[in-house]
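The next block holds one structure in the form of structure tokens; read it before the comments.
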Protein chains: 2
Amino acid sequence: MPQGVPDTIPDDGLTTRQRRNLPVLAVHTGDGKGKSTAAFGMAMRAWNAGMRVAVFQFVKSAKWRVGEESALTALGDVHEQTGRGGPVEWHKMGQGWSWLRANADHDADHADAARAGWAEIARRLADEQHDFYVLDEFTYPLHWGWVDTDAVVSTLCARPGRQHVVITGRRAPTALLDAADLVTEMHKIAHPMDAGRKGQKGIEW
Amino acid sequence: MPQGVPDTIPDDGLTTRQRRNLPVLAVHTGDGKGKSTAAFGMAMRAWNAGMRVAVFQFVKSAKWRVGEESALTALGDVHEQTGRGGPVEWHKMGQGWSWLRANADHDADHADAARAGWAEIARRLADEQHDFYVLDEFTYPLHWGWVDTDAVVSTLCARPGRQHVVITGRRAPTALLDAADLVTEMHKIAHPMDAGRKGQKGIEW
């Protein structure tokens, strides 16, 4: 609804334009499919708008999301070659964060690796290094207490400039949901796995 | 969950591999965001798997989804230039279906245009012209009775080969949901529009 008219106009001293350009913190949660997929779809849009896109995958297996990674980095290549869209970075915990290549110790401990990932994201937010961040499956390190939710919420709420952040995963902590501008819950109603079908390439991953 | 193990093994005479490779009919519905975005995210994965992707937008305005269209057609260009991924077609009702360019009469009547769109999709399904179809906002012509739901369900259930179809939109008819292998309902929990903020480029469209 690009031309949608809000129901209420808040008394916040901002112009419509200022309000429109506020950075968005979105959370996709729930037990259904599409949480990450919708985040990557948003990243496509952000790419098209020329935003600097960065994905941080907080998952154990480096094999996940190979399709999205390949497609989004292909769009990053298009940007490098033609200037169209924006640059794309893709970082994954599953094979050790790229900026920690020289220090593989973090691979051994997922909690340490998750903390190292968040610390890097916090640095990048402070530097306004990207315009659109996907923190894929980041709710799990929060849920498990590996990364402190209150610290994350404080950092996100205080982030400078106009940096959009989308966080995906089940069991999003309440404090994170409360801080988000946009929360969507994906509910599973029917799924091929229920009928004894396994996932397939191009559909599930 | 690419390596997930189903809870039950159906007694359908199929091998696991045959069952895995069954074509998927997915519906993304509900009042929340992410229905179409997740479908386009799936299309990225399908592209990466080399599938022939086709999007049919059943929306009035040709301005919608410009970010997704631009990004997915950029991936189609990558395929044409390098062979990477699969080909991508993008058709929209909002500016008259491309295959009807010579006959702009359909623009005048959205119900006729929707019927013409579905008739073309049915032809392409019969010809196995694509591997991955997104029928974006197709639930509305069904809900409004412009296109007959029972005929659509019959055609989809009888489609030959291995063609995946994803249908998005609110108010999906029950017969469609019953026929689908995968139904996800997106629920809105919080949205910037509630706080009087309008949509912004790269985030909302």
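Scheme for the structure tokens: letters A, B, ... for chains in order shown; per-chain residue numbers from 1; ligand numbers from 1 in order shown.
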TODO: Write out as a VMD selection string which residues come within 10 Å of stretch 86-95 of chain A when counting only C-alpha atoms, dropping same-chain ones fewer than 2 positions away.
DONE: chain A and resid 43 to 44 46 to 64 68 to 70 72 to 80 83 to 84 97 to 101 104 106 to 107 110 113 to 114 116 to 117 130 to 136
Open item on the list: Residues near B:Arg170, anyone? I mean within 12 Å using only C-alpha atoms, not counting same-chain ones fewer than 4 positions away, as a ChimeraX atom specification.
Closed with: /B:27-36,136-144,174,177,184-187
Expected file: the selected residues, N, CA and C atoms, as a compact mmCIF listing (two decimals), in the first residue's frame:
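Here's the written file part-v5.txt:
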```
# COMPACT_ATOMS: atom_id res chain seq x y z
N VAL B 27 -0.14 -21.62 -0.68
CA VAL B 27 -0.97 -20.42 -0.56
C VAL B 27 -0.46 -19.61 0.62
N HIS B 28 -0.20 -18.32 0.39
CA HIS B 28 0.16 -17.39 1.47
C HIS B 28 -1.01 -16.45 1.67
N THR B 29 -1.66 -16.55 2.81
CA THR B 29 -2.84 -15.71 3.03
C THR B 29 -2.77 -15.05 4.41
N GLY B 30 -3.86 -14.39 4.81
CA GLY B 30 -3.89 -13.69 6.09
C GLY B 30 -3.78 -12.19 5.92
N ASP B 31 -3.93 -11.46 7.04
CA ASP B 31 -3.97 -10.00 6.97
C ASP B 31 -2.60 -9.35 7.17
N GLY B 32 -1.58 -10.17 7.38
CA GLY B 32 -0.26 -9.62 7.68
C GLY B 32 0.57 -9.37 6.44
N LYS B 33 1.74 -8.77 6.65
CA LYS B 33 2.67 -8.50 5.56
C LYS B 33 3.41 -9.79 5.21
N GLY B 34 4.09 -9.78 4.08
CA GLY B 34 5.01 -10.86 3.77
C GLY B 34 4.44 -11.96 2.89
N LYS B 35 3.17 -11.89 2.56
CA LYS B 35 2.58 -12.95 1.73
C LYS B 35 3.26 -12.98 0.35
N SER B 36 3.25 -11.83 -0.32
CA SER B 36 3.87 -11.77 -1.64
C SER B 36 5.39 -11.79 -1.52
N ASP B 136 0.30 -13.72 -7.98
CA ASP B 136 0.28 -12.72 -6.91
C ASP B 136 -1.08 -12.03 -6.81
N GLU B 137 -1.64 -12.04 -5.61
CA GLU B 137 -2.95 -11.42 -5.33
C GLU B 137 -4.08 -12.11 -6.11
N PHE B 138 -3.86 -13.36 -6.45
CA PHE B 138 -4.86 -14.09 -7.25
C PHE B 138 -6.09 -14.47 -6.41
N THR B 139 -5.96 -14.40 -5.08
CA THR B 139 -7.13 -14.76 -4.25
C THR B 139 -8.29 -13.78 -4.44
N TYR B 140 -7.98 -12.55 -4.82
CA TYR B 140 -9.05 -11.55 -4.92
C TYR B 140 -10.02 -11.85 -6.07
N PRO B 141 -9.54 -12.07 -7.30
CA PRO B 141 -10.47 -12.45 -8.37
C PRO B 141 -11.27 -13.71 -8.02
N LEU B 142 -10.66 -14.61 -7.22
CA LEU B 142 -11.40 -15.80 -6.79
C LEU B 142 -12.48 -15.40 -5.78
N HIS B 143 -12.06 -14.62 -4.79
CA HIS B 143 -12.99 -14.20 -3.73
C HIS B 143 -14.17 -13.42 -4.32
N TRP B 144 -13.88 -12.57 -5.29
CA TRP B 144 -14.91 -11.74 -5.87
C TRP B 144 -15.75 -12.49 -6.92
N THR B 174 -11.84 -21.37 0.67
CA THR B 174 -11.59 -22.62 1.41
C THR B 174 -11.20 -23.76 0.47
N LEU B 177 -7.60 -23.51 -0.25
CA LEU B 177 -6.78 -23.89 0.91
C LEU B 177 -6.77 -25.41 1.07
N THR B 184 0.34 -20.94 4.47
CA THR B 184 0.87 -20.14 5.56
C THR B 184 -0.01 -18.90 5.70
N GLU B 185 -0.37 -18.61 6.93
CA GLU B 185 -1.17 -17.44 7.21
C GLU B 185 -0.28 -16.40 7.87
N MET B 186 -0.21 -15.22 7.28
CA MET B 186 0.59 -14.14 7.85
C MET B 186 -0.32 -13.26 8.72
N HIS B 187 0.04 -13.16 9.99
CA HIS B 187 -0.74 -12.34 10.91
C HIS B 187 -0.02 -11.05 11.22
```
Task: Given only C-alpha atoms as the counted atoms, nearest of A:Met42, A:Ala175, A:Ile167, A:Val152 to chain B - done: A:Met42
